[in-house]
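What follows is model.cif (mmCIF, N, CA and C atoms and all ligand atoms).
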data_query
#
loop_
_atom_site.label_atom_id
_atom_site.label_comp_id
_atom_site.auth_asym_id
_atom_site.auth_seq_id
_atom_site.Cartn_x
_atom_site.Cartn_y
_atom_site.Cartn_z
N MET A 1 -0.53 -3.45 13.49
CA MET A 1 0.02 -2.24 12.86
C MET A 1 -0.21 -2.33 11.35
N PHE A 2 -0.73 -1.28 10.78
CA PHE A 2 -0.98 -1.26 9.34
C PHE A 2 0.09 -0.43 8.65
N ASP A 3 0.73 -1.05 7.68
CA ASP A 3 1.76 -0.36 6.91
C ASP A 3 1.21 -0.02 5.53
N ALA A 4 0.91 1.24 5.31
CA ALA A 4 0.26 1.65 4.08
C ALA A 4 1.16 1.54 2.85
N THR A 5 2.46 1.33 3.08
CA THR A 5 3.35 1.22 1.93
C THR A 5 3.32 -0.17 1.32
N GLN A 6 2.68 -1.11 2.01
CA GLN A 6 2.64 -2.48 1.53
C GLN A 6 1.25 -2.83 1.02
N PRO A 7 1.16 -3.66 -0.03
CA PRO A 7 -0.16 -4.16 -0.42
C PRO A 7 -0.75 -5.01 0.70
N ALA A 8 -2.07 -4.99 0.81
CA ALA A 8 -2.74 -5.65 1.93
C ALA A 8 -2.35 -7.11 2.03
N LYS A 9 -2.18 -7.75 0.89
CA LYS A 9 -1.90 -9.18 0.89
C LYS A 9 -0.61 -9.49 1.63
N SER A 10 0.38 -8.61 1.52
CA SER A 10 1.67 -8.91 2.12
C SER A 10 1.66 -8.69 3.63
N GLN A 11 0.55 -8.20 4.18
CA GLN A 11 0.45 -8.11 5.64
C GLN A 11 0.29 -9.50 6.25
N CYS A 12 -0.12 -10.42 5.42
CA CYS A 12 -0.34 -11.79 5.87
C CYS A 12 0.99 -12.46 6.21
N ASP A 13 0.98 -13.23 7.28
CA ASP A 13 2.20 -13.93 7.69
C ASP A 13 2.64 -14.97 6.68
N ASN A 14 1.70 -15.41 5.85
CA ASN A 14 2.02 -16.47 4.91
C ASN A 14 2.29 -15.95 3.51
N ALA A 15 2.64 -14.67 3.40
CA ALA A 15 2.88 -14.12 2.08
C ALA A 15 4.29 -13.54 1.99
N CYS A 16 4.87 -13.66 0.80
CA CYS A 16 6.17 -13.07 0.55
C CYS A 16 6.12 -11.58 0.81
N LEU A 17 7.05 -11.06 1.59
CA LEU A 17 7.05 -9.64 1.92
C LEU A 17 7.37 -8.78 0.71
N HIS A 18 7.99 -9.39 -0.29
CA HIS A 18 8.37 -8.61 -1.47
C HIS A 18 7.26 -8.57 -2.51
N CYS A 19 6.72 -9.72 -2.88
CA CYS A 19 5.75 -9.75 -3.98
C CYS A 19 4.35 -10.14 -3.52
N GLY A 20 4.20 -10.59 -2.27
CA GLY A 20 2.87 -10.92 -1.77
C GLY A 20 2.40 -12.32 -2.13
N ALA A 21 3.28 -13.10 -2.77
CA ALA A 21 2.89 -14.47 -3.11
C ALA A 21 2.67 -15.29 -1.84
N GLU A 22 1.68 -16.16 -1.90
CA GLU A 22 1.43 -17.01 -0.74
C GLU A 22 2.59 -17.98 -0.54
N LEU A 23 2.93 -18.19 0.73
CA LEU A 23 4.03 -19.09 1.06
C LEU A 23 3.50 -20.29 1.82
N GLU A 24 4.11 -21.42 1.56
CA GLU A 24 3.78 -22.59 2.36
C GLU A 24 4.72 -22.64 3.55
N GLN A 25 4.16 -22.51 4.73
CA GLN A 25 4.98 -22.59 5.93
C GLN A 25 5.10 -24.06 6.34
N LYS A 26 6.31 -24.46 6.63
CA LYS A 26 6.50 -25.82 7.11
C LYS A 26 6.44 -25.83 8.62
N GLU A 27 5.44 -26.49 9.15
CA GLU A 27 5.29 -26.53 10.60
C GLU A 27 6.34 -27.43 11.22
N GLY A 28 6.71 -27.09 12.44
CA GLY A 28 7.68 -27.91 13.16
C GLY A 28 9.11 -27.48 12.90
N ARG A 29 9.32 -26.57 11.95
CA ARG A 29 10.66 -26.04 11.71
C ARG A 29 10.70 -24.66 12.35
N GLY A 30 11.87 -24.27 12.86
CA GLY A 30 11.98 -23.04 13.62
C GLY A 30 11.68 -21.79 12.85
N ARG A 31 12.07 -21.76 11.60
CA ARG A 31 12.04 -20.52 10.85
C ARG A 31 10.79 -20.33 10.02
N ILE A 32 10.21 -19.15 10.12
CA ILE A 32 9.07 -18.82 9.26
C ILE A 32 9.60 -18.20 7.97
N ARG A 33 9.12 -18.70 6.87
CA ARG A 33 9.54 -18.13 5.58
C ARG A 33 8.87 -16.78 5.37
N ARG A 34 9.64 -15.80 4.97
CA ARG A 34 9.09 -14.47 4.74
C ARG A 34 9.07 -14.12 3.26
N PHE A 35 9.83 -14.88 2.45
CA PHE A 35 9.95 -14.57 1.03
C PHE A 35 9.82 -15.85 0.22
N CYS A 36 9.33 -15.74 -1.01
CA CYS A 36 9.13 -16.95 -1.81
C CYS A 36 10.48 -17.48 -2.30
N ASP A 37 11.50 -16.64 -2.40
CA ASP A 37 12.85 -17.15 -2.64
C ASP A 37 13.89 -16.15 -2.15
N GLY A 38 15.14 -16.57 -2.15
CA GLY A 38 16.19 -15.74 -1.58
C GLY A 38 16.35 -14.41 -2.30
N ASP A 39 16.11 -14.42 -3.61
CA ASP A 39 16.24 -13.18 -4.36
C ASP A 39 15.21 -12.15 -3.91
N HIS A 40 14.04 -12.61 -3.54
CA HIS A 40 13.04 -11.66 -3.08
C HIS A 40 13.39 -11.10 -1.71
N GLY A 41 14.05 -11.91 -0.89
CA GLY A 41 14.55 -11.39 0.37
C GLY A 41 15.56 -10.28 0.15
N LYS A 42 16.47 -10.52 -0.81
CA LYS A 42 17.47 -9.50 -1.12
C LYS A 42 16.82 -8.26 -1.71
N ALA A 43 15.89 -8.46 -2.63
CA ALA A 43 15.23 -7.33 -3.29
C ALA A 43 14.44 -6.51 -2.27
N TYR A 44 13.79 -7.20 -1.33
CA TYR A 44 13.02 -6.51 -0.30
C TYR A 44 13.92 -5.64 0.56
N ARG A 45 15.05 -6.22 1.01
CA ARG A 45 15.95 -5.44 1.87
C ARG A 45 16.54 -4.26 1.11
N ARG A 46 16.86 -4.49 -0.18
CA ARG A 46 17.41 -3.41 -0.98
C ARG A 46 16.36 -2.30 -1.14
N ARG A 47 15.11 -2.68 -1.37
CA ARG A 47 14.06 -1.70 -1.55
C ARG A 47 13.81 -0.92 -0.25
N MET A 48 13.79 -1.64 0.88
CA MET A 48 13.57 -0.95 2.15
C MET A 48 14.69 0.03 2.45
N ARG A 49 15.93 -0.37 2.13
CA ARG A 49 17.05 0.56 2.33
C ARG A 49 16.91 1.77 1.43
N ALA A 50 16.47 1.54 0.20
CA ALA A 50 16.26 2.65 -0.73
C ALA A 50 15.20 3.62 -0.21
N LEU A 51 14.25 3.08 0.55
CA LEU A 51 13.18 3.92 1.13
C LEU A 51 13.62 4.56 2.44
N GLY A 52 14.82 4.22 2.91
CA GLY A 52 15.33 4.85 4.11
C GLY A 52 15.18 4.02 5.38
N PHE A 53 14.72 2.77 5.24
CA PHE A 53 14.62 1.89 6.39
C PHE A 53 15.89 1.07 6.50
N ASP A 54 16.49 1.07 7.66
CA ASP A 54 17.66 0.21 7.88
C ASP A 54 17.18 -1.05 8.59
N ILE A 55 16.96 -2.09 7.83
CA ILE A 55 16.42 -3.31 8.42
C ILE A 55 17.46 -4.42 8.43
N GLY A 56 18.70 -4.07 8.29
CA GLY A 56 19.74 -5.08 8.34
C GLY A 56 19.89 -5.78 7.02
ZN ZN A 101 8.26 -13.11 -3.66
#
Please express the file's structure as structure tokens.
Amino acid sequence: MFDATQPAKSQCDNACLHCGAELEQKEGRGRIRRFCDGDHGKAYRRRMRALGFDIG
């Protein structure tokens, strides 16, 4: 699925969803990192809500 509202780089699984920075995924741990830090996670959710997406 292509989301035209996002820069192409952030479509990558290894990039911060907020700023597109490359992330180092630690293998063997359950959770995949989606943001380069917690503030970007918050900023992303706030921005998505501002755009009308309810993503929790
Ligand atoms: Zn980021």
For this session: Neighbourhood query: residues within 7 Å of (9.4, -8.2, 1.0), file coordinates, counting all atoms listed in the file; return as a ChimeraX atom specification.
Result: /A:16-20,34-35,40-41,43-45
Seminar exercise, completed: From atom C of A:Leu23 to atom C of A:Met48 the spacing works out at 23.2 Å
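Across the structure, atom CA of A:Cys36 and atom CA of A:Phe53 are spaced 21.3 Å apart.
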Exercise. At what distance in Å, to one decimal, does atom N of A:Asn14 lie from atom CA of A:Gly28?
Worked result: 15.7 Å
Exercise. For ligand ZN 101 (chain A), which residue out of A:Arg46, A:Asp39, A:Gly52, A:Glu27 is the nearest one, using all atoms listed in the file?
Worked result: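 The closest residue to ligand ZN 101 (chain A) is A:Asp39.
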For this session: Select, from A:Ala50, A:Ile32, A:Ile55, A:Ala15, the residue with the minimum atom-to-atom distance to ligand ZN 101 (chain A), counting all atoms listed in the file.
Result: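 Of the candidates, the smallest distance to ligand ZN 101 (chain A) is held by A:Ala15.
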Exercise. Restricting the calculation to only N, CA and C atoms and all ligand atoms, which member of A:Arg49, A:Gln25, A:Asp37, A:Arg31 is positioned closest to ligand ZN 101 (chain A)?
Worked result: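 Going through A:Arg49, A:Gln25, A:Asp37, A:Arg31 one by one, the smallest distance to ligand ZN 101 (chain A) is for A:Asp37.
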